[in-house]
file coords-v6.cif (mmCIF, C-alpha atoms and all ligand atoms)
data_input
#
loop_
_atom_site.label_atom_id
_atom_site.label_comp_id
_atom_site.auth_asym_id
_atom_site.auth_seq_id
_atom_site.Cartn_x
_atom_site.Cartn_y
_atom_site.Cartn_z
CA MET P 1 20.75 -18.89 -1.76
CA ASN P 2 24.03 -17.20 -0.78
CA ALA P 3 24.62 -14.43 1.72
CA SER P 4 24.55 -11.71 -0.93
CA ASN P 5 20.99 -12.41 -2.06
CA GLN P 6 19.54 -13.04 1.36
CA GLY P 7 16.20 -11.27 1.62
CA LEU P 8 15.58 -11.40 -2.13
CA PRO P 9 13.21 -13.79 -3.92
CA VAL P 10 14.70 -16.88 -5.50
CA ILE P 11 13.61 -17.93 -8.99
CA ASP P 12 13.76 -21.59 -9.98
CA GLU P 13 14.72 -21.36 -13.64
CA ALA P 14 13.81 -24.99 -14.27
CA VAL P 15 10.20 -24.28 -13.29
CA CYS P 16 9.79 -20.67 -14.51
CA ILE P 17 7.69 -20.23 -17.69
CA ALA P 18 8.75 -16.57 -18.14
CA CYS P 19 5.14 -15.33 -18.12
CA GLY P 20 6.35 -12.06 -16.57
CA GLU P 21 3.65 -11.85 -13.89
CA CYS P 22 6.25 -11.43 -11.12
CA VAL P 23 7.87 -8.59 -13.08
CA ARG P 24 4.51 -6.88 -13.55
CA VAL P 25 3.56 -6.89 -9.86
CA CYS P 26 6.95 -6.07 -8.27
CA PRO P 27 6.53 -2.68 -6.55
CA ASP P 28 10.28 -2.18 -6.32
CA ARG P 29 10.84 -3.03 -9.99
CA ILE P 30 13.78 -5.25 -9.16
CA LEU P 31 12.71 -8.00 -11.56
CA ARG P 32 13.03 -8.07 -15.33
CA ILE P 33 13.03 -10.63 -18.13
CA ASP P 34 16.11 -10.84 -20.34
CA GLU P 35 16.11 -11.71 -24.04
CA ALA P 36 16.55 -15.39 -23.21
CA GLY P 37 13.33 -15.31 -21.17
CA ARG P 38 15.08 -15.53 -17.80
CA ILE P 39 13.87 -13.54 -14.81
CA LEU P 40 16.73 -11.43 -13.49
CA ILE P 41 16.93 -9.72 -10.13
CA HIS P 42 18.74 -6.40 -10.05
CA GLY P 43 19.16 -4.06 -7.13
CA MET P 44 18.74 -4.87 -3.46
CA THR P 45 15.77 -2.70 -2.60
CA CYS P 46 13.23 -5.50 -2.19
CA MET P 47 10.54 -4.56 0.33
CA GLN P 48 9.78 -8.26 0.77
CA CYS P 49 6.08 -7.97 -0.06
CA GLY P 50 6.03 -11.50 -1.49
CA HIS P 51 3.86 -10.48 -4.46
CA CYS P 52 6.19 -12.33 -6.89
CA TYR P 53 5.75 -15.49 -4.84
CA ALA P 54 1.98 -15.02 -4.54
CA VAL P 55 1.35 -14.38 -8.23
CA CYS P 56 3.53 -17.06 -9.87
CA PRO P 57 1.26 -19.56 -11.67
CA VAL P 58 3.83 -22.36 -11.47
CA GLN P 59 5.37 -21.72 -8.04
CA ALA P 60 8.78 -20.92 -9.51
CA VAL P 61 9.38 -18.12 -6.99
CA ALA P 62 10.42 -18.72 -3.40
CA ALA P 63 10.43 -16.11 -0.67
CA PRO P 64 12.26 -17.99 2.07
CA PHE P 65 12.41 -14.93 4.32
CA LEU P 66 8.60 -15.00 4.73
CA ASP P 67 6.40 -17.09 6.97
CA HIS P 68 3.67 -18.70 4.84
CA ASP P 69 1.72 -20.44 7.56
CA PHE P 70 -1.64 -18.74 8.10
CA SER P 71 -3.51 -21.83 9.20
CA LEU P 72 -5.70 -21.32 12.24
CA THR P 73 -4.72 -23.32 15.26
CA SER P 74 -7.79 -22.76 17.44
CA SER P 75 -10.86 -24.97 17.49
CA PHE P 76 -12.78 -22.21 15.68
CA TYR P 77 -11.09 -23.46 12.56
CA GLN P 78 -13.13 -26.65 12.65
CA ALA P 79 -16.45 -25.07 13.53
CA ASP P 80 -18.90 -24.33 10.76
CA ALA P 81 -22.30 -24.51 12.47
CA ARG P 82 -21.91 -22.01 15.25
CA GLY P 83 -24.12 -19.30 13.86
CA LEU P 84 -21.14 -17.02 13.48
CA PRO P 85 -21.61 -14.20 10.96
CA VAL P 86 -18.43 -15.16 9.13
CA GLN P 87 -16.46 -18.34 9.59
CA PRO P 88 -13.00 -17.56 11.03
CA ALA P 89 -11.32 -19.56 8.28
CA ALA P 90 -13.20 -17.59 5.61
CA LEU P 91 -12.24 -14.30 7.24
CA MET P 92 -8.62 -15.40 7.48
CA GLU P 93 -8.71 -16.31 3.79
CA LEU P 94 -9.92 -12.79 2.98
CA LEU P 95 -7.25 -11.23 5.19
CA VAL P 96 -4.36 -13.19 3.75
CA MET P 97 -5.43 -13.06 0.11
CA ARG P 98 -5.86 -9.26 0.10
CA ARG P 99 -3.02 -7.67 -1.78
CA SER P 100 -2.18 -4.11 -2.57
CA CYS P 101 -3.23 -3.90 -6.19
CA ARG P 102 -0.97 -2.07 -8.64
CA CYS P 103 -2.45 -3.40 -11.87
CA PHE P 104 -5.94 -2.11 -12.65
CA THR P 105 -8.10 -2.49 -15.74
CA ALA P 106 -9.62 0.61 -17.36
CA GLU P 107 -13.13 -0.42 -16.25
CA PRO P 108 -14.79 2.18 -14.01
CA VAL P 109 -16.04 1.21 -10.55
CA ALA P 110 -19.83 1.43 -10.27
CA GLU P 111 -20.98 4.18 -7.91
CA SER P 112 -23.12 1.67 -6.04
CA LEU P 113 -19.96 -0.26 -5.13
CA LEU P 114 -18.29 2.94 -3.96
CA ASP P 115 -21.38 3.68 -1.84
CA ASP P 116 -21.12 0.26 -0.26
CA LEU P 117 -17.44 0.78 0.47
CA VAL P 118 -18.27 3.96 2.38
CA ARG P 119 -20.96 2.05 4.32
CA ALA P 120 -18.29 -0.49 5.25
CA GLY P 121 -16.04 2.39 6.32
CA VAL P 122 -18.54 3.88 8.75
CA ALA P 123 -19.03 0.48 10.39
CA ALA P 124 -15.58 0.92 11.96
CA PRO P 125 -15.12 1.70 15.65
CA SER P 126 -14.21 5.27 16.59
CA GLY P 127 -13.02 6.95 19.77
CA THR P 128 -16.04 7.91 21.91
CA ASN P 129 -18.05 6.94 18.82
CA CYS P 130 -17.51 10.40 17.39
CA GLN P 131 -17.19 9.12 13.79
CA PRO P 132 -15.15 12.14 12.71
CA TRP P 133 -14.42 10.85 9.22
CA ARG P 134 -15.22 12.27 5.83
CA PHE P 135 -15.05 10.13 2.70
CA LEU P 136 -14.18 11.93 -0.51
CA VAL P 137 -15.14 9.65 -3.35
CA LEU P 138 -13.36 10.09 -6.67
CA ALA P 139 -15.57 8.04 -8.95
CA THR P 140 -13.83 8.56 -12.28
CA ARG P 141 -10.36 7.99 -13.67
CA MET P 142 -10.26 11.66 -14.63
CA ASP P 143 -10.71 12.73 -11.00
CA VAL P 144 -8.04 10.30 -9.84
CA ALA P 145 -5.67 11.63 -12.51
CA ILE P 146 -6.31 15.24 -11.42
CA LEU P 147 -5.41 14.38 -7.83
CA GLY P 148 -2.38 12.52 -9.18
CA THR P 149 -1.26 15.54 -11.18
CA ALA P 150 -1.59 17.83 -8.13
CA THR P 151 0.43 15.36 -6.07
CA ALA P 152 3.06 15.08 -8.80
CA GLY P 153 3.38 18.89 -8.72
CA PHE P 154 4.30 18.71 -5.04
CA TYR P 155 6.94 16.02 -5.63
CA ARG P 156 8.40 17.86 -8.62
CA LYS P 157 9.12 20.83 -6.33
CA LEU P 158 10.40 18.61 -3.53
CA ASN P 159 12.75 16.73 -5.87
CA ARG P 160 14.12 20.02 -7.20
CA LYS P 161 14.96 21.02 -3.61
CA ALA P 162 16.31 17.62 -2.61
CA ALA P 163 18.58 17.55 -5.67
CA GLN P 164 20.60 20.44 -4.16
CA PRO P 165 23.39 18.88 -2.07
CA TRP P 166 24.15 22.20 -0.36
CA LEU P 167 20.55 22.55 0.81
CA ARG P 168 20.55 19.07 2.28
CA VAL P 169 23.81 19.85 4.11
CA VAL P 170 22.61 23.23 5.42
CA LEU P 171 19.35 21.74 6.67
CA ARG P 172 21.23 18.90 8.35
CA MET P 173 23.49 21.46 10.05
CA ILE P 174 20.52 23.27 11.53
CA GLY P 175 19.08 20.02 12.79
CA SER P 176 16.66 18.98 10.07
CA GLY P 177 17.65 15.73 8.44
CA ALA P 178 14.27 15.34 6.76
CA LEU P 179 15.37 16.44 3.29
CA GLN P 180 18.42 14.16 3.41
CA HIS P 181 16.20 11.27 4.52
CA TYR P 182 13.81 11.97 1.67
CA TYR P 183 16.74 12.09 -0.74
CA ASP P 184 18.14 8.77 0.50
CA SER P 185 14.81 6.95 0.63
CA TYR P 186 12.49 8.35 -2.04
CA PHE P 187 14.20 10.81 -4.38
CA GLU P 188 15.16 8.26 -7.04
CA THR P 189 11.81 6.40 -6.95
CA VAL P 190 9.96 9.69 -7.31
CA ARG P 191 12.28 10.87 -10.09
CA GLN P 192 11.64 7.69 -12.04
CA GLY P 193 7.89 7.90 -11.36
CA LEU P 194 7.67 11.47 -12.64
CA LYS P 195 9.71 10.55 -15.70
CA ALA P 196 7.47 7.56 -16.49
CA TRP P 197 4.42 9.86 -16.25
CA ASP P 198 5.97 12.58 -18.41
CA ASP P 199 7.46 10.24 -21.01
CA HIS P 200 4.66 7.78 -21.58
CA GLY P 201 1.80 8.53 -19.18
CA GLU P 202 2.56 5.57 -16.92
CA ASP P 203 0.84 6.18 -13.60
CA ARG P 204 3.14 4.87 -10.87
CA LEU P 205 1.31 6.88 -8.21
CA PHE P 206 -2.26 5.57 -8.50
CA HIS P 207 -1.27 2.62 -10.69
CA GLY P 208 -4.03 3.51 -13.17
CA ALA P 209 -6.83 3.15 -10.61
CA THR P 210 -10.23 4.22 -11.93
CA ALA P 211 -11.55 5.37 -8.56
CA ALA P 212 -10.28 6.39 -5.15
CA ILE P 213 -11.59 7.15 -1.71
CA VAL P 214 -9.80 9.78 0.34
CA VAL P 215 -10.43 9.27 4.04
CA ALA P 216 -10.16 12.49 6.00
CA ALA P 217 -11.21 13.23 9.56
CA ASP P 218 -11.96 16.20 11.77
CA THR P 219 -8.79 16.86 13.75
CA ARG P 220 -10.85 18.23 16.66
CA ALA P 221 -11.89 14.65 17.48
CA GLY P 222 -10.08 12.66 20.18
CA CYS P 223 -8.23 10.25 17.89
CA PRO P 224 -9.07 11.12 14.29
CA GLY P 225 -6.09 9.24 12.84
CA GLU P 226 -6.99 5.93 14.44
CA ASP P 227 -10.66 6.37 13.47
CA ALA P 228 -9.85 7.17 9.86
CA LEU P 229 -7.42 4.28 9.49
CA LEU P 230 -9.84 1.77 10.99
CA ALA P 231 -12.47 2.95 8.51
CA SER P 232 -9.88 2.64 5.74
CA GLN P 233 -9.12 -0.95 6.63
CA ASN P 234 -12.85 -1.76 6.51
CA ILE P 235 -12.99 -0.25 3.02
CA VAL P 236 -9.97 -2.18 1.82
CA LEU P 237 -11.31 -5.49 3.11
CA MET P 238 -14.78 -4.88 1.72
CA ALA P 239 -13.22 -4.03 -1.65
CA GLU P 240 -11.33 -7.31 -1.56
CA SER P 241 -14.51 -9.24 -0.80
CA MET P 242 -16.14 -7.57 -3.82
CA GLY P 243 -13.29 -8.66 -6.08
CA LEU P 244 -12.03 -5.08 -6.41
CA GLY P 245 -8.38 -4.16 -6.12
CA SER P 246 -7.23 -1.54 -3.65
CA CYS P 247 -3.99 0.13 -2.65
CA LEU P 248 -3.22 2.67 0.04
CA ILE P 249 -1.34 5.59 -1.51
CA GLY P 250 0.80 7.10 1.21
CA PHE P 251 2.58 9.38 -1.25
CA VAL P 252 -0.60 11.46 -1.60
CA VAL P 253 -1.16 11.57 2.18
CA GLU P 254 2.36 12.88 2.71
CA ALA P 255 1.98 15.48 -0.04
CA ALA P 256 -1.35 16.67 1.37
CA LYS P 257 0.25 17.19 4.80
CA ARG P 258 2.66 19.70 3.30
CA ASP P 259 0.82 21.23 0.37
CA ARG P 260 -2.38 23.05 1.19
CA SER P 261 -3.34 23.21 -2.48
CA ILE P 262 -4.10 19.47 -2.37
CA THR P 263 -6.55 19.71 0.53
CA ASP P 264 -8.03 22.82 -1.14
CA LEU P 265 -8.49 20.87 -4.36
CA LEU P 266 -10.49 18.33 -2.38
CA GLY P 267 -12.54 21.07 -0.73
CA LEU P 268 -11.44 20.25 2.80
CA GLU P 269 -11.75 22.79 5.58
CA LYS P 270 -8.62 23.62 7.61
CA HIS P 271 -9.62 21.38 10.53
CA TYR P 272 -9.84 18.29 8.31
CA LYS P 273 -6.80 16.18 7.67
CA ILE P 274 -6.28 13.38 5.16
CA TYR P 275 -5.30 10.10 6.79
CA SER P 276 -5.52 7.71 3.88
CA VAL P 277 -5.98 7.64 0.15
CA ILE P 278 -7.27 4.36 -1.23
CA ALA P 279 -6.81 3.62 -4.93
CA LEU P 280 -9.60 1.39 -6.21
CA GLY P 281 -10.45 -0.41 -9.40
CA HIS P 282 -11.04 -3.70 -11.12
CA THR P 283 -7.95 -5.76 -10.69
CA ASP P 284 -5.88 -6.97 -13.62
CA VAL P 285 -3.86 -9.50 -11.66
CA ALA P 286 -4.75 -12.83 -10.05
CA TYR P 287 -2.82 -13.83 -6.98
CA LYS P 288 -2.65 -17.58 -6.54
CA ARG P 289 -1.73 -17.81 -2.89
CA PRO P 290 -1.04 -15.62 0.17
CA ALA P 291 2.17 -13.61 -0.02
CA GLY P 292 3.48 -14.52 3.41
CA ARG P 293 4.71 -12.20 6.11
CA LYS P 294 7.88 -11.69 8.07
CA PRO P 295 7.69 -13.95 11.15
CA ALA P 296 5.55 -12.21 13.76
CA ASP P 297 7.23 -10.66 16.76
CA LYS P 298 4.89 -12.36 19.20
CA ARG P 299 5.62 -12.63 22.90
CA ILE P 300 3.25 -14.17 25.41
CA ILE P 301 4.03 -12.28 28.54
CA ARG P 302 3.16 -12.63 32.16
CA LEU P 303 3.37 -9.35 33.97
CA ALA P 304 4.86 -8.82 37.37
CA GLY P 305 2.11 -9.69 39.86
CA SER P 306 0.32 -12.07 37.49
CA ASP P 307 -0.56 -15.34 39.24
CA THR P 308 1.23 -18.09 37.30
CA SER P 309 -0.33 -20.90 39.36
CA SER P 310 -3.88 -20.08 38.11
CA GLY P 311 -2.75 -20.67 34.51
C1 LIG U 401 0.43 3.66 5.23
C2 LIG U 401 0.66 2.95 3.91
C3 LIG U 401 1.06 3.67 2.81
C4 LIG U 401 1.27 3.02 1.59
N1 LIG U 401 1.61 3.77 0.49
C5 LIG U 401 1.76 3.15 -0.70
C6 LIG U 401 2.02 3.94 -1.88
O1 LIG U 401 2.12 5.17 -1.86
N2 LIG U 401 2.13 3.29 -3.06
C7 LIG U 401 1.99 1.92 -3.16
O2 LIG U 401 2.08 1.38 -4.25
N3 LIG U 401 1.74 1.16 -2.06
C8 LIG U 401 1.61 1.74 -0.85
N4 LIG U 401 1.31 0.99 0.27
C9 LIG U 401 1.17 -0.48 0.15
C10 LIG U 401 2.32 -1.25 0.83
O3 LIG U 401 3.47 -1.17 0.02
C11 LIG U 401 1.85 -2.70 1.01
O4 LIG U 401 0.80 -2.72 1.94
C12 LIG U 401 2.97 -3.63 1.49
O5 LIG U 401 3.98 -3.75 0.52
C13 LIG U 401 2.42 -5.04 1.78
O6 LIG U 401 1.79 -5.59 0.63
P1 LIG U 401 0.28 -6.06 0.68
O7 LIG U 401 -0.56 -4.84 1.00
O8 LIG U 401 -0.04 -6.63 -0.66
O9 LIG U 401 0.14 -7.08 1.77
C14 LIG U 401 1.09 1.61 1.49
C15 LIG U 401 0.68 0.90 2.62
C16 LIG U 401 0.45 1.56 3.81
C17 LIG U 401 -0.01 0.76 5.00
#
call {"tool": "encode", "arguments": {"input": "coords-v6.cif", "output": "structure tokens"}}
result
Amino acid sequence: MNASNQGLPVIDEAVCIACGECVRVCPDRILRIDEAGRILIHGMTCMQCGHCYAVCPVQAVAAPFLDHDFSLTSSFYQADARGLPVQPAALMELLVMRRSCRCFTAEPVAESLLDDLVRAGVAAPSGTNCQPWRFLVLATRMDVAILGTATAGFYRKLNRKAAQPWLRVVLRMIGSGALQHYYDSYFETVRQGLKAWDDHGEDRLFHGATAAIVVAADTRAGCPGEDALLASQNIVLMAESMGLGSCLIGFVVEAAKRDRSITDLLGLEKHYKIYSVIALGHTDVAYKRPAGRKPADKRIIRLAGSDTSSG
């Protein structure tokens, strides 16, 4: 690996069987196969998710920038007869094998599974136990596509605005760099996503998910955002344990913050806000190993006044 490709995956051509799984799962679309069956990396916009490493059936992909050690170090790791509801090692396995799924089959998700996901959601903690959430269940592909189309409408307008250099400059001059930031960070991805949808119906927003759960919460609660996101994480983990794929779709959350027609479409009152949108479906990809994570920024600290002699 040389300095120029630091932070990008490394493909071992001698091992690679050119199955294309890494290309299929790459969210940044920086991988492609050439005519000779070689995996090429183009662009530098890798978000370092490690999906290419995790999916490769022959371990031809390395992600040296990620920490792959998720082994438990505590004695809990050894224990299996403690009467614990879930063994720590089994829970860790669930946590590290969960992936954001961007390849779904066309099979619908049974409503009973969606019911169970909502039950998992409400098991989350909430500030003063106020449970301010509302779960909007989109149980069919058609409903997901309608929400996708409404969201695409918002981004079409935003991209038209952001494409105007003079508007970005004027807004920057009056202190709002938001449109410039959007242009620098998302404009091109969104442009390509809209084009893929218009040209050949490829759904880069919901990734073809056949169901979704929108988690909203009553903004009059003490901490509706935290409550909704904790419920969302429960849903995502429960989905994983059921063998379903899930993916948080922040693009819809952001659109709904700015475009009232999206919250109206979902029938939400003004005092409800959307905190997460979870794409769901039967997964069409099999990850072989955990993806790894950037090394944790962990610091064991002793605060001023803490008694170091008592350990
Ligand atoms: C708040 C939030 C918003 C996200 N929005 C999107 C999205 O709009 N589209 C998408 O494909 N993935 C989205 N993701 C998924 C992240 O890209 C993903 O979690 C990250 O790359 C790590 O991969 P992993 O979930 O497989 O561990 C989102 C994740 C979070 C936490």
call {"tool": "closest_residue", "arguments": {"input": "coords-v6.cif", "among": "P:Asp284, P:Asp218, P:Asp184, P:Asp28", "to": "ligand LIG 401 (chain U)", "atoms": "all atoms listed in the file"}}
result
P:Asp28
call {"tool": "atom_distance", "arguments": {"input": "coords-v6.cif", "atom1": "CA of Ala124 in chain P", "atom2": "CA of Phe70 in chain P"}}
result
24.4 Å
call {"tool": "closest_residue", "arguments": {"input": "coords-v6.cif", "among": "P:Ala216, P:Leu91, P:Leu147, P:Ile235", "to": "Asp116 in chain P", "atoms": "only C-alpha atoms"}}
result
P:Ile235
call {"tool": "residues_near_ligand", "arguments": {"input": "coords-v6.cif", "ligand": "ligand LIG 401 (chain U)", "cutoff": "9 Å", "atoms": "all atoms listed in the file", "output": "PyMOL selection string"}}
result
chain P and resi 27+47-51+96-102+204-207+229+246-254+275-277+290-293
call {"tool": "residues_around", "arguments": {"input": "coords-v6.cif", "residues": "Arg134 in chain P", "least_positions_apart": "3", "cutoff": "12 Å", "atoms": "all atoms listed in the file", "output": "ChimeraX atom specification"}}
result
/P:118-119,121-122,130-131,137,213-219,224-225,227-229,231-232,266-269,271-277
call {"tool": "atom_distance", "arguments": {"input": "coords-v6.cif", "atom1": "CA of Gln192 in chain P", "atom2": "CA of Gly148 in chain P"}}
result
15.1 Å
call {"tool": "residues_near_point", "arguments": {"input": "coords-v6.cif", "point": "(-9.1, -12.2, 2.3)", "cutoff": "12 Å", "atoms": "all atoms listed in the file", "output": "tab-separated table (two decimals) with C-alpha atoms, keeping the file's coordinate frame"}}
result
chain	number	residue	atom	x	y	z
P	70	PHE	CA	-1.64	-18.74	8.10
P	86	VAL	CA	-18.43	-15.16	9.13
P	88	PRO	CA	-13.00	-17.56	11.03
P	89	ALA	CA	-11.32	-19.56	8.28
P	90	ALA	CA	-13.20	-17.59	5.61
P	91	LEU	CA	-12.24	-14.30	7.24
P	92	MET	CA	-8.62	-15.40	7.48
P	93	GLU	CA	-8.71	-16.31	3.79
P	94	LEU	CA	-9.92	-12.79	2.98
P	95	LEU	CA	-7.25	-11.23	5.19
P	96	VAL	CA	-4.36	-13.19	3.75
P	97	MET	CA	-5.43	-13.06	0.11
P	98	ARG	CA	-5.86	-9.26	0.10
P	99	ARG	CA	-3.02	-7.67	-1.78
P	100	SER	CA	-2.18	-4.11	-2.57
P	234	ASN	CA	-12.85	-1.76	6.51
P	236	VAL	CA	-9.97	-2.18	1.82
P	237	LEU	CA	-11.31	-5.49	3.11
P	238	MET	CA	-14.78	-4.88	1.72
P	239	ALA	CA	-13.22	-4.03	-1.65
P	240	GLU	CA	-11.33	-7.31	-1.56
P	241	SER	CA	-14.51	-9.24	-0.80
P	242	MET	CA	-16.14	-7.57	-3.82
P	243	GLY	CA	-13.29	-8.66	-6.08
P	244	LEU	CA	-12.03	-5.08	-6.41
P	245	GLY	CA	-8.38	-4.16	-6.12
P	287	TYR	CA	-2.82	-13.83	-6.98
P	289	ARG	CA	-1.73	-17.81	-2.89
P	290	PRO	CA	-1.04	-15.62	0.17
P	291	ALA	CA	2.17	-13.61	-0.02
call {"tool": "axis_aligned_box", "arguments": {"input": "coords-v6.cif", "around": "range 87-97 of chain P", "padding_each_side": "5 Å", "output": "JSON"}}
result
{"center_x": -10.4, "center_y": -15.4, "center_z": 5.6, "size_x": 22.1, "size_y": 18.3, "size_z": 20.9}
call {"tool": "residues_around", "arguments": {"input": "coords-v6.cif", "residues": "Val23 in chain P", "least_positions_apart": "3", "cutoff": "9 Å", "atoms": "all atoms listed in the file", "output": "PyMOL selection string"}}
result
chain P and resi 19-20+26-27+29-33+39+52
call {"tool": "write_last_selection", "arguments": {"input": "coords-v6.cif", "atoms": "C-alpha atoms", "output": "PDB file, in the frame of the given file"}}
result
ATOM      1  CA  CYS P  19       5.140 -15.330 -18.120  1.00  0.00           C
ATOM      2  CA  GLY P  20       6.350 -12.060 -16.570  1.00  0.00           C
ATOM      3  CA  CYS P  26       6.950  -6.070  -8.270  1.00  0.00           C
ATOM      4  CA  PRO P  27       6.530  -2.680  -6.550  1.00  0.00           C
ATOM      5  CA  ARG P  29      10.840  -3.030  -9.990  1.00  0.00           C
ATOM      6  CA  ILE P  30      13.780  -5.250  -9.160  1.00  0.00           C
ATOM      7  CA  LEU P  31      12.710  -8.000 -11.560  1.00  0.00           C
ATOM      8  CA  ARG P  32      13.030  -8.070 -15.330  1.00  0.00           C
ATOM      9  CA  ILE P  33      13.030 -10.630 -18.130  1.00  0.00           C
ATOM     10  CA  ILE P  39      13.870 -13.540 -14.810  1.00  0.00           C
ATOM     11  CA  CYS P  52       6.190 -12.330  -6.890  1.00  0.00           C
TER      12      CYS P  52
END
call {"tool": "atom_distance", "arguments": {"input": "coords-v6.cif", "atom1": "CA of His68 in chain P", "atom2": "CA of Gly43 in chain P"}}
result
24.4 Å
call {"tool": "closest_residue", "arguments": {"input": "coords-v6.cif", "among": "P:Leu265, P:Ala296, P:Thr73, P:Asp12", "to": "Tyr53 in chain P", "atoms": "all atoms listed in the file"}}
result
P:Asp12
call {"tool": "closest_residue", "arguments": {"input": "coords-v6.cif", "among": "P:Phe104, P:Trp133, P:Phe65, P:Trp197", "to": "Arg156 in chain P", "atoms": "only C-alpha atoms"}}
result
P:Trp197
call {"tool": "closest_residue", "arguments": {"input": "coords-v6.cif", "among": "P:Leu8, P:Ser74, P:Arg168, P:Ile146", "to": "Thr45 in chain P", "atoms": "only C-alpha atoms"}}
result
P:Leu8
call {"tool": "decode", "arguments": {"input": "coords-v6.cif", "residues": "range 250-256 of chain P", "atoms": "all heavy atoms", "output": "tab-separated table (two decimals), in the first residue's frame"}}
result
chain	number	residue	atom	x	y	z
P	250	GLY	N	-30.86	8.12	6.14
P	250	GLY	CA	-30.80	9.50	6.61
P	250	GLY	C	-31.25	10.51	5.57
P	250	GLY	O	-31.73	11.60	5.92
P	251	PHE	N	-31.14	10.15	4.29
P	251	PHE	CA	-31.57	11.09	3.24
P	251	PHE	C	-33.06	11.42	3.38
P	251	PHE	O	-33.48	12.55	3.08
P	251	PHE	CB	-31.29	10.50	1.86
P	251	PHE	CG	-29.89	10.76	1.38
P	251	PHE	CD1	-28.94	9.74	1.35
P	251	PHE	CD2	-29.50	12.02	0.96
P	251	PHE	CE1	-27.64	9.99	0.92
P	251	PHE	CE2	-28.21	12.29	0.52
P	251	PHE	CZ	-27.26	11.26	0.50
P	252	VAL	N	-33.85	10.47	3.80
P	252	VAL	CA	-35.30	10.75	3.95
P	252	VAL	C	-35.53	11.61	5.20
P	252	VAL	O	-36.35	12.54	5.18
P	252	VAL	CB	-36.12	9.43	4.04
P	252	VAL	CG1	-37.61	9.74	4.10
P	252	VAL	CG2	-35.80	8.51	2.87
P	253	VAL	N	-34.78	11.32	6.27
P	253	VAL	CA	-34.93	12.11	7.50
P	253	VAL	C	-34.63	13.58	7.21
P	253	VAL	O	-35.38	14.48	7.62
P	253	VAL	CB	-33.99	11.57	8.60
P	253	VAL	CG1	-34.07	12.42	9.87
P	253	VAL	CG2	-34.31	10.10	8.91
P	254	GLU	N	-33.54	13.81	6.49
P	254	GLU	CA	-33.15	15.19	6.18
P	254	GLU	C	-34.20	15.88	5.30
P	254	GLU	O	-34.53	17.05	5.51
P	254	GLU	CB	-31.79	15.22	5.49
P	254	GLU	CG	-30.63	14.87	6.41
P	254	GLU	CD	-30.57	15.77	7.64
P	254	GLU	OE1	-30.69	16.99	7.52
P	254	GLU	OE2	-30.42	15.21	8.76
P	255	ALA	N	-34.72	15.14	4.33
P	255	ALA	CA	-35.74	15.72	3.45
P	255	ALA	C	-36.99	16.07	4.25
P	255	ALA	O	-37.58	17.15	4.07
P	255	ALA	CB	-36.08	14.75	2.32
P	256	ALA	N	-37.37	15.18	5.16
P	256	ALA	CA	-38.60	15.40	5.93
P	256	ALA	C	-38.48	16.59	6.87
P	256	ALA	O	-39.47	17.24	7.21
P	256	ALA	CB	-38.95	14.13	6.72
